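Engineer: File follows, protein25.txt with compact mmCIF, C-alpha atoms:
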```
# COMPACT_ATOMS: atom_id res chain seq x y z
CA MET A 1 -13.11 -40.44 238.36
CA ARG A 2 -13.18 -41.76 241.93
CA ALA A 3 -14.09 -39.38 244.76
CA PHE A 4 -14.38 -39.87 248.53
CA GLN A 5 -17.71 -38.24 249.32
CA LEU A 6 -19.85 -37.47 252.34
CA VAL A 7 -23.28 -38.83 251.39
CA GLY A 8 -25.18 -38.68 254.69
CA TRP A 9 -24.90 -37.44 258.26
CA ARG A 10 -23.32 -39.81 260.78
CA GLN A 11 -22.50 -42.19 257.96
CA PRO A 12 -19.04 -43.19 256.73
CA PRO A 13 -18.14 -41.36 253.51
CA GLU A 14 -18.20 -43.44 250.35
CA LEU A 15 -15.89 -43.89 247.39
CA ARG A 16 -18.02 -43.04 244.35
CA GLU A 17 -17.64 -42.57 240.61
CA VAL A 18 -18.27 -38.97 239.52
CA PRO A 19 -17.58 -37.04 236.31
CA VAL A 20 -14.24 -35.33 235.82
CA PRO A 21 -14.96 -31.58 235.98
CA GLY A 22 -13.94 -29.47 233.02
CA PRO A 23 -12.32 -26.10 233.75
CA GLY A 24 -14.27 -23.06 232.66
CA ALA A 25 -12.95 -19.56 232.13
CA GLY A 26 -10.32 -18.69 234.74
CA GLN A 27 -10.44 -22.15 236.34
CA VAL A 28 -7.73 -24.80 236.69
CA LEU A 29 -8.09 -28.58 236.87
CA VAL A 30 -5.51 -30.10 239.25
CA LYS A 31 -4.48 -33.75 239.27
CA VAL A 32 -4.48 -34.46 243.00
CA ALA A 33 -1.26 -35.85 244.45
CA GLY A 34 -2.28 -35.65 248.09
CA ALA A 35 -5.19 -34.50 250.24
CA GLY A 36 -4.67 -34.25 253.98
CA ALA A 37 -7.08 -35.80 256.48
CA CYS A 38 -7.94 -33.24 259.14
CA HIS A 39 -9.76 -33.37 262.49
CA SER A 40 -12.20 -30.78 261.16
CA ASP A 41 -13.36 -33.42 258.66
CA LEU A 42 -14.17 -35.71 261.59
CA HIS A 43 -16.39 -33.01 263.09
CA ILE A 44 -18.28 -32.75 259.80
CA MET A 45 -18.59 -36.52 259.44
CA GLN A 46 -19.87 -36.95 263.01
CA ALA A 47 -22.39 -34.10 262.88
CA PRO A 48 -26.02 -35.24 263.39
CA GLY A 49 -27.19 -32.97 260.59
CA PRO A 50 -26.16 -29.98 258.49
CA LEU A 51 -24.00 -27.49 260.36
CA PRO A 52 -24.53 -23.74 259.78
CA GLY A 53 -23.59 -22.78 256.26
CA PHE A 54 -23.81 -26.27 254.71
CA THR A 55 -25.30 -26.24 251.25
CA ASN A 56 -25.77 -29.78 249.98
CA LEU A 57 -24.85 -33.45 249.98
CA PRO A 58 -23.05 -35.30 248.59
CA PHE A 59 -19.73 -33.50 248.35
CA THR A 60 -16.10 -34.57 248.14
CA LEU A 61 -13.99 -34.14 251.26
CA GLY A 62 -10.46 -32.75 251.32
CA HIS A 63 -9.50 -29.12 251.99
CA GLU A 64 -5.71 -29.67 252.28
CA ASN A 65 -4.57 -30.28 248.72
CA ALA A 66 -1.57 -30.36 246.40
CA GLY A 67 -0.92 -31.87 242.98
CA TRP A 68 -0.05 -31.09 239.39
CA VAL A 69 -1.76 -28.77 236.93
CA GLU A 70 -3.78 -30.95 234.56
CA GLN A 71 -5.71 -28.48 232.41
CA LEU A 72 -6.02 -24.70 232.19
CA GLY A 73 -9.34 -23.02 231.58
CA PRO A 74 -9.69 -20.21 229.02
CA GLY A 75 -7.79 -17.08 230.03
CA VAL A 76 -5.51 -18.72 232.60
CA THR A 77 -1.83 -17.80 232.34
CA GLY A 78 1.24 -18.32 234.51
CA PHE A 79 0.96 -22.10 234.78
CA ALA A 80 1.50 -25.07 232.50
CA PRO A 81 0.28 -28.66 232.60
CA GLY A 82 2.48 -30.72 234.89
CA ASP A 83 3.45 -27.86 237.20
CA PRO A 84 3.51 -29.00 240.88
CA VAL A 85 1.26 -26.74 242.93
CA ILE A 86 -0.34 -26.42 246.34
CA VAL A 87 -3.91 -25.17 246.64
CA TYR A 88 -4.75 -22.33 249.00
CA GLY A 89 -7.96 -23.50 250.64
CA ALA A 90 -9.80 -20.41 251.87
CA TRP A 91 -11.80 -19.39 248.81
CA GLY A 92 -13.39 -15.99 249.31
CA CYS A 93 -15.50 -13.74 247.14
CA GLY A 94 -12.47 -11.75 246.00
CA GLY A 95 -14.31 -8.44 246.27
CA CYS A 96 -14.92 -7.61 249.94
CA ALA A 97 -12.49 -5.51 251.97
CA ASN A 98 -10.84 -8.48 253.65
CA CYS A 99 -10.39 -10.37 250.37
CA ARG A 100 -8.89 -7.30 248.72
CA GLU A 101 -6.37 -7.15 251.57
CA GLY A 102 -5.41 -10.79 250.87
CA ARG A 103 -7.27 -12.21 253.87
CA GLU A 104 -9.72 -14.45 252.05
CA ASN A 105 -9.80 -16.67 255.13
CA TYR A 106 -11.89 -13.88 256.67
CA CYS A 107 -14.07 -13.21 253.62
CA GLN A 108 -17.04 -11.10 254.69
CA ASN A 109 -19.41 -12.72 252.22
CA LEU A 110 -18.43 -16.39 251.97
CA GLY A 111 -16.58 -16.91 255.26
CA GLY A 112 -13.43 -18.15 253.53
CA GLU A 113 -14.96 -21.58 252.90
CA GLY A 114 -13.09 -23.53 250.29
CA PRO A 115 -13.12 -27.09 248.94
CA GLY A 116 -14.45 -30.04 250.90
CA LEU A 117 -15.82 -28.10 253.87
CA ARG A 118 -19.46 -27.12 253.55
CA GLY A 119 -20.63 -28.60 250.32
CA GLY A 120 -20.19 -25.49 248.21
CA HIS A 121 -17.12 -26.87 246.45
CA ASP A 122 -15.91 -30.44 246.08
CA GLY A 123 -12.60 -31.13 247.79
CA GLY A 124 -9.42 -32.91 246.82
CA MET A 125 -10.04 -36.48 247.98
CA ALA A 126 -10.56 -37.40 244.36
CA GLU A 127 -8.42 -37.95 241.33
CA TYR A 128 -8.97 -34.38 240.17
CA LEU A 129 -9.86 -31.06 241.83
CA LEU A 130 -11.43 -28.08 240.09
CA VAL A 131 -9.94 -24.83 241.41
CA PRO A 132 -12.06 -21.74 240.64
CA ALA A 133 -9.18 -19.30 240.12
CA ALA A 134 -5.48 -19.55 239.36
CA ARG A 135 -4.72 -17.16 242.23
CA TYR A 136 -5.33 -20.05 244.65
CA LEU A 137 -2.36 -22.00 243.25
CA ILE A 138 1.18 -21.60 244.56
CA PRO A 139 4.12 -23.23 242.77
CA LEU A 140 5.91 -25.89 244.82
CA GLY A 141 9.20 -25.94 242.96
CA ALA A 142 11.13 -29.06 243.95
CA LEU A 143 8.77 -29.99 246.81
CA ASP A 144 6.87 -33.26 246.39
CA PRO A 145 3.14 -32.44 246.35
CA ARG A 146 2.35 -35.80 248.01
CA GLN A 147 4.37 -34.60 251.01
CA ALA A 148 3.51 -30.93 250.82
CA ALA A 149 -0.29 -31.10 250.93
CA PRO A 150 -0.55 -30.60 254.76
CA LEU A 151 1.32 -27.32 254.46
CA SER A 152 -1.87 -25.77 253.06
CA ASP A 153 -3.71 -26.19 256.38
CA ALA A 154 -1.60 -27.67 259.20
CA GLY A 155 1.36 -25.54 258.15
CA LEU A 156 -0.59 -22.40 257.31
CA THR A 157 -2.82 -22.52 260.39
CA GLY A 158 0.16 -22.95 262.69
CA TYR A 159 2.10 -20.19 260.93
CA HIS A 160 -0.75 -17.70 261.18
CA ALA A 161 -1.37 -18.56 264.84
CA VAL A 162 2.28 -17.99 265.72
CA LYS A 163 2.89 -14.95 263.56
CA ARG A 164 0.20 -12.85 265.25
CA SER A 165 2.04 -13.29 268.56
CA LEU A 166 5.66 -12.86 267.44
CA HIS A 167 5.97 -9.51 269.21
CA LEU A 168 5.63 -11.36 272.53
CA LEU A 169 8.40 -13.84 271.76
CA GLY A 170 12.14 -13.44 272.12
CA PRO A 171 14.97 -14.25 274.53
CA GLY A 172 13.55 -15.55 277.81
CA SER A 173 10.07 -16.17 276.39
CA THR A 174 8.08 -19.39 276.56
CA ALA A 175 5.53 -20.82 274.15
CA VAL A 176 3.36 -23.79 275.10
CA VAL A 177 1.84 -26.04 272.44
CA ILE A 178 -0.97 -28.20 273.84
CA GLY A 179 -1.49 -31.14 271.50
CA ALA A 180 1.49 -32.64 269.63
CA GLY A 181 -0.35 -34.27 266.73
CA GLY A 182 0.14 -33.25 263.10
CA LEU A 183 -0.97 -29.64 263.64
CA GLY A 184 1.03 -29.26 266.84
CA GLN A 185 4.15 -30.74 265.24
CA MET A 186 4.03 -28.19 262.45
CA THR A 187 3.50 -25.37 264.95
CA ILE A 188 6.49 -26.42 267.05
CA GLN A 189 8.71 -26.26 263.98
CA ILE A 190 7.30 -22.88 262.97
CA LEU A 191 8.03 -21.51 266.44
CA ARG A 192 11.61 -22.76 266.08
CA ALA A 193 11.92 -21.18 262.62
CA LEU A 194 10.39 -17.80 263.51
CA SER A 195 11.61 -17.33 267.08
CA ALA A 196 14.66 -19.44 267.80
CA ALA A 197 15.20 -17.85 271.24
CA THR A 198 11.80 -18.97 272.56
CA THR A 199 11.59 -22.01 274.82
CA VAL A 200 9.00 -24.32 273.27
CA VAL A 201 7.03 -26.66 275.55
CA ALA A 202 4.92 -29.48 274.09
CA VAL A 203 2.09 -31.05 276.11
CA ASP A 204 0.21 -34.20 275.12
CA THR A 205 -1.30 -37.39 276.53
CA ASP A 206 0.71 -39.58 274.11
CA ALA A 207 4.35 -40.28 275.00
CA GLY A 208 5.16 -41.20 271.39
CA LYS A 209 3.95 -37.87 270.08
CA LEU A 210 5.96 -36.09 272.76
CA GLU A 211 9.11 -37.88 271.58
CA THR A 212 8.38 -36.65 268.06
CA ALA A 213 7.79 -33.13 269.40
CA GLN A 214 11.24 -33.11 270.99
CA ARG A 215 12.87 -34.32 267.79
CA LEU A 216 11.17 -31.46 265.94
CA GLY A 217 12.40 -28.79 268.36
CA ALA A 218 10.48 -28.73 271.64
CA GLU A 219 12.83 -28.23 274.60
CA GLU A 220 10.31 -29.67 277.06
CA ALA A 221 7.79 -32.46 276.42
CA LEU A 222 5.27 -32.97 279.20
CA LEU A 223 2.50 -35.46 279.74
CA SER A 224 -0.75 -33.56 280.24
CA GLY A 225 -1.89 -33.06 283.84
CA ASP A 226 -1.26 -31.10 287.01
CA GLU A 227 2.44 -31.94 286.96
CA ALA A 228 2.78 -30.36 283.53
CA ILE A 229 1.07 -27.21 284.77
CA ALA A 230 3.38 -27.04 287.79
CA ARG A 231 6.45 -27.55 285.58
CA ILE A 232 5.45 -24.74 283.21
CA ARG A 233 4.76 -22.41 286.16
CA ASP A 234 8.18 -23.26 287.63
CA MET A 235 9.93 -22.70 284.30
CA THR A 236 8.40 -19.24 284.02
CA ALA A 237 8.98 -18.11 287.63
CA GLN A 238 5.24 -18.59 288.27
CA GLN A 239 4.41 -16.00 285.59
CA GLY A 240 3.13 -18.34 282.89
CA ALA A 241 3.94 -18.49 279.18
CA GLN A 242 3.85 -15.53 276.81
CA LEU A 243 2.01 -17.68 274.23
CA VAL A 244 -0.20 -20.70 274.78
CA LEU A 245 -1.50 -22.47 271.68
CA ASP A 246 -4.27 -25.00 272.30
CA MET A 247 -4.29 -27.28 269.26
CA VAL A 248 -7.01 -29.48 270.81
CA GLY A 249 -9.71 -27.15 272.11
CA MET A 250 -11.41 -29.46 274.61
CA ASP A 251 -12.61 -28.44 278.09
CA ALA A 252 -9.59 -29.97 279.82
CA THR A 253 -7.01 -28.42 277.49
CA LEU A 254 -8.64 -24.99 277.65
CA ARG A 255 -8.62 -25.10 281.45
CA MET A 256 -4.93 -25.98 281.32
CA ALA A 257 -4.26 -23.20 278.83
CA ALA A 258 -5.80 -20.63 281.18
CA ARG A 259 -3.65 -21.87 284.07
CA VAL A 260 -0.34 -21.63 282.20
CA ALA A 261 -0.93 -18.34 280.36
CA ARG A 262 0.41 -15.10 281.78
CA VAL A 263 -0.74 -11.54 282.32
CA LEU A 264 -0.61 -9.64 279.00
CA GLY A 265 0.05 -12.90 277.16
CA HIS A 266 -1.80 -14.62 274.33
CA LEU A 267 -4.04 -17.68 274.62
CA THR A 268 -4.79 -18.94 271.13
CA ILE A 269 -7.47 -21.56 270.50
CA VAL A 270 -6.67 -23.48 267.33
CA GLY A 271 -8.24 -26.90 267.92
CA LEU A 272 -11.88 -27.66 267.17
CA GLY A 273 -12.52 -29.86 270.20
CA GLY A 274 -15.74 -28.07 271.07
CA GLY A 275 -14.68 -27.13 274.60
CA THR A 276 -15.48 -23.96 276.53
CA LEU A 277 -12.91 -21.64 278.08
CA PRO A 278 -13.95 -20.62 281.61
CA VAL A 279 -13.73 -16.85 281.96
CA ASP A 280 -13.99 -14.77 285.12
CA PHE A 281 -12.23 -11.73 286.56
CA SER A 282 -8.94 -13.54 287.18
CA SER A 283 -8.96 -16.33 284.58
CA PRO A 284 -7.48 -16.13 282.03
CA PRO A 285 -4.90 -13.79 283.62
CA HIS A 286 -5.48 -10.05 283.39
CA GLU A 287 -5.30 -8.64 279.86
CA CYS A 288 -4.41 -12.02 278.41
CA SER A 289 -5.67 -11.86 274.84
CA VAL A 290 -7.80 -14.83 273.74
CA ALA A 291 -8.22 -15.47 270.02
CA SER A 292 -9.42 -18.22 267.70
CA PRO A 293 -7.63 -17.64 264.38
CA TYR A 294 -8.88 -19.33 261.23
CA TRP A 295 -6.43 -20.65 258.65
CA GLY A 296 -4.20 -17.87 257.24
CA SER A 297 -3.69 -15.62 254.24
CA LEU A 298 -2.47 -16.62 250.81
CA THR A 299 0.76 -14.67 251.28
CA GLU A 300 1.34 -16.49 254.57
CA LEU A 301 1.03 -19.79 252.73
CA MET A 302 3.76 -18.54 250.39
CA ASP A 303 5.93 -17.97 253.47
CA VAL A 304 5.21 -21.51 254.68
CA ILE A 305 6.21 -22.96 251.32
CA THR A 306 9.46 -20.99 251.48
CA LEU A 307 10.22 -22.40 254.95
CA ALA A 308 9.65 -25.92 253.62
CA GLN A 309 11.84 -25.27 250.58
CA GLN A 310 14.57 -24.05 252.93
CA GLU A 311 14.15 -27.28 254.94
CA LYS A 312 13.31 -25.34 258.10
CA ILE A 313 10.09 -27.32 258.53
CA GLU A 314 9.19 -30.87 257.53
CA VAL A 315 5.89 -32.69 257.21
CA LEU A 316 5.53 -36.13 258.76
CA VAL A 317 3.15 -37.97 256.45
CA GLU A 318 1.45 -41.36 256.28
CA HIS A 319 0.02 -42.04 252.82
CA PHE A 320 -3.22 -43.91 252.13
CA PRO A 321 -4.87 -44.75 248.79
CA LEU A 322 -8.42 -43.54 248.18
CA GLN A 323 -9.91 -46.93 248.99
CA ARG A 324 -8.39 -46.75 252.49
CA ALA A 325 -9.58 -43.22 253.30
CA ASN A 326 -12.11 -44.40 255.90
CA GLU A 327 -9.35 -46.37 257.58
CA ALA A 328 -7.17 -43.26 257.69
CA TYR A 329 -9.94 -41.29 259.39
CA GLN A 330 -10.52 -44.07 261.93
CA LEU A 331 -6.81 -44.05 262.81
CA LEU A 332 -6.96 -40.27 263.10
CA HIS A 333 -9.99 -40.52 265.37
CA ASP A 334 -8.16 -43.06 267.56
CA GLY A 335 -5.04 -40.89 267.84
CA ARG A 336 -2.92 -43.41 265.94
CA ILE A 337 -1.56 -41.11 263.24
CA GLN A 338 1.84 -39.80 264.34
CA GLY A 339 2.00 -37.00 261.79
CA ARG A 340 -0.54 -36.21 259.09
CA ALA A 341 -2.57 -38.75 257.11
CA VAL A 342 -2.58 -37.91 253.40
CA ILE A 343 -4.89 -39.53 250.86
CA ALA A 344 -2.96 -40.12 247.64
CA PRO A 345 -5.46 -40.80 244.81
CA HIS A 346 -2.79 -41.73 242.25
CA GLY A 347 -0.54 -43.77 244.54
```
Go ahead and render the structure in this file as structure tokens.
Structural biologist:
Amino acid sequence: MRAFQLVGWRQPPELREVPVPGPGAGQVLVKVAGAGACHSDLHIMQAPGPLPGFTNLPFTLGHENAGWVEQLGPGVTGFAPGDPVIVYGAWGCGGCANCREGRENYCQNLGGEGPGLRGGHDGGMAEYLLVPAARYLIPLGALDPRQAAPLSDAGLTGYHAVKRSLHLLGPGSTAVVIGAGGLGQMTIQILRALSAATTVVAVDTDAGKLETAQRLGAEEALLSGDEAIARIRDMTAQQGAQLVLDMVGMDATLRMAARVARVLGHLTIVGLGGGTLPVDFSSPPHECSVASPYWGSLTELMDVITLAQQEKIEVLVEHFPLQRANEAYQLLHDGRIQGRAVIAPHG
């Protein structure tokens, strides 16, 4: 089968021929319909050498996956060949306290690292994906797996980031989403679905993405800069927003996030831009909680799928065949993907 693999550091990944994996006991082979291209992949591809926790090269990229069940390993029940499924991507040990509570994204032994991330498991940018346990599969029902793949990361990450702060949101509250790309677009919709009374503000440097953000539910769409900060302060009577979600994570966006957050609010760093949040006695505001959540739980992904099935959230997708995967990542790097780029190995 064909697989899009990272073969060296600071080198473009390559499309290579590799054997089709056979499912062992408890495993499931999935025919991949779509694998989302994520900014975290760019960080891996641009790294000068192995990052902490990396095991080996080459490995297949793609941690945001959906498809159809192709073959069941011995002992697997509850699924049949042809079933459309989405793959939960945070594969834990299954035995530690966090895993037993359903939070495999915070596995104490494996760090919740799943396919296509650190070389321990091949990802889904291939014609087939071997999933180590059936518990990582969630039925999609009538949802198209080519469209649904980004729900497993962009949808789940946004949902988890919002859900932890829901107690701060309600009538009169404000949530600011910095970065209106694919991840930010999903998060705006999730805010609308989970807290309809909240005023959602989108901030970005791209006017086109801001137009999309407004179509998806943002009441305000502001070009990044001092004027945006002043507008958010004015909207909130100089108090700042209850929730600020930085989907970028660069120095400039983190500085902005600190200036528009409020006392006793939440400042949530979602983006992997590598920036540093300046912290002193008065910034971020007093008792403003700062967190960097990672993915979400399997049950939260079930909630995300339900929202999509109820048509409360949609995924904006641009499809690319495997042979154009490098092109998709270049467009992502250049900020020219309006939603989420999805690699579709079978067309």
Engineer: Name the closest residue to Ala328 of chain A among the candidates A:Pro23, A:Gly141, A:Gly36, A:Gly181; distances are taken between atoms, counting only C-alpha atoms.
Structural biologist: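 Counting only C-alpha atoms, the residue closest to Ala328 of chain A is A:Gly36.
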Engineer: Using all atoms listed in the file, which residue out of A:Thr199, A:Thr174, A:Gln5, A:Thr205 lies closest to Gly116 of chain A?
Structural biologist: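 Once distances to Gly116 of chain A are computed over all atoms listed in the file, the minimum belongs to A:Gln5.
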Engineer: Neighbouring residues of Ala148 of chain A were defined as those with any atom within 8 Å, considering all atoms listed in the file; residues of the same chain fewer than 2 positions away were excluded. Please report them as a PyMOL selection string.
Structural biologist: chain A and resi 34+66+86+143-146+150-152+315
Engineer: Restricted to C-alpha atoms, what would the selected residues look like written as an mmCIF file, in the frame of the given file?
Structural biologist:
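Listing of part_36.cif after writing:
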```cif
data_model
loop_
_atom_site.group_PDB
_atom_site.id
_atom_site.type_symbol
_atom_site.label_atom_id
_atom_site.label_comp_id
_atom_site.auth_asym_id
_atom_site.auth_seq_id
_atom_site.Cartn_x
_atom_site.Cartn_y
_atom_site.Cartn_z
ATOM 1 C CA GLY A 34 -2.280 -35.650 248.090
ATOM 2 C CA ALA A 66 -1.570 -30.360 246.400
ATOM 3 C CA ILE A 86 -0.340 -26.420 246.340
ATOM 4 C CA LEU A 143 8.770 -29.990 246.810
ATOM 5 C CA ASP A 144 6.870 -33.260 246.390
ATOM 6 C CA PRO A 145 3.140 -32.440 246.350
ATOM 7 C CA ARG A 146 2.350 -35.800 248.010
ATOM 8 C CA PRO A 150 -0.550 -30.600 254.760
ATOM 9 C CA LEU A 151 1.320 -27.320 254.460
ATOM 10 C CA SER A 152 -1.870 -25.770 253.060
ATOM 11 C CA VAL A 315 5.890 -32.690 257.210
#
```
Engineer: Would you pick out the contacts of Gln330 of chain A at 12 Å or less, using only C-alpha atoms, so that residues sharing its chain but fewer than 2 positions from it are not included, and give the list as a list in words?
Structural biologist: Pro12, Pro13, Ala37, Cys38, His39, Asp41, Leu42, Met45, Gln46, Arg324, Ala325, Asn326, Glu327, Ala328, Leu332, His333, Asp334, Gly335, Arg336, Ile337 and Ala341 of chain A
Engineer: Give me the segment 223-257 of chain A side of the contact with segment 276-287 of chain A, cut-off 12 Å, one line per residue showing its nearest atom pair and distance in Å at one decimal, counting only C-alpha atoms, sorted by chain and residue number, as a tab-separated table.
Structural biologist:
```
residue	atom	partner	partner_atom	distance
A:Gln239	CA	A:Pro285	CA	9.8
A:Gly240	CA	A:Pro285	CA	9.3
A:Ala241	CA	A:Pro285	CA	11.0
A:Gln242	CA	A:Pro285	CA	11.2
A:Val244	CA	A:Pro284	CA	11.2
A:Asp246	CA	A:Leu277	CA	10.9
A:Val248	CA	A:Thr276	CA	11.6
A:Gly249	CA	A:Thr276	CA	7.9
A:Met250	CA	A:Thr276	CA	7.1
A:Asp251	CA	A:Thr276	CA	5.5
A:Ala252	CA	A:Thr276	CA	9.0
A:Thr253	CA	A:Leu277	CA	9.0
A:Leu254	CA	A:Leu277	CA	5.4
A:Arg255	CA	A:Leu277	CA	6.5
A:Met256	CA	A:Leu277	CA	9.6
A:Ala257	CA	A:Pro284	CA	8.4
```
Engineer: Looking at A:Pro84, A:Pro132, A:Gly78, A:Gly339, which one is nearest to Ala213 of chain A, with distances taken over only C-alpha atoms?
Structural biologist: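 For Ala213 of chain A, the nearest of the candidates is A:Gly339.
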Engineer: What is the distance between atom CA of Ala149 of chain A and atom CA of Ala202 of chain A, in Å to one decimal?
Structural biologist: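 One can read the atom CA of Ala149 of chain A to atom CA of Ala202 of chain A distance as 23.8 Å.
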Engineer: I need the residue nearest Arg192 of chain A from this list: A:Arg231, A:Arg103, A:Lys163, A:Arg340. Use all atoms listed in the file for the distance.
Structural biologist: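 Among A:Arg231, A:Arg103, A:Lys163, A:Arg340, it is A:Lys163 that comes nearest to Arg192 of chain A.
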Engineer: Which value, in Å to one decimal, gives the distance between atom CA of His167 of chain A and atom CA of Val290 of chain A?
Structural biologist: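 For atom CA of His167 of chain A relative to atom CA of Val290 of chain A, the distance reads 15.4 Å.
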Engineer: Counting all atoms listed in the file, which residue out of A:Pro293, A:Leu72, A:Val176, A:Ala133 sits closest to Asp204 of chain A?
Structural biologist: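 Of A:Pro293, A:Leu72, A:Val176, A:Ala133, the one nearest Asp204 of chain A, counting all atoms listed in the file, is A:Val176.
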Engineer: Suppose you want the space between atom CA of Glu300 of chain A and atom CA of Ala134 of chain A; what is it in Å?
Structural biologist: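 These atoms are spaced 16.9 Å apart.
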Engineer: Return the single residue from A:Leu298, A:Val30, A:Val304, A:Ala3 that is closest to Gln323 of chain A, with distances computed using all atoms listed in the file.
Structural biologist: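 Result for the nearest residue to Gln323 of chain A: A:Ala3.
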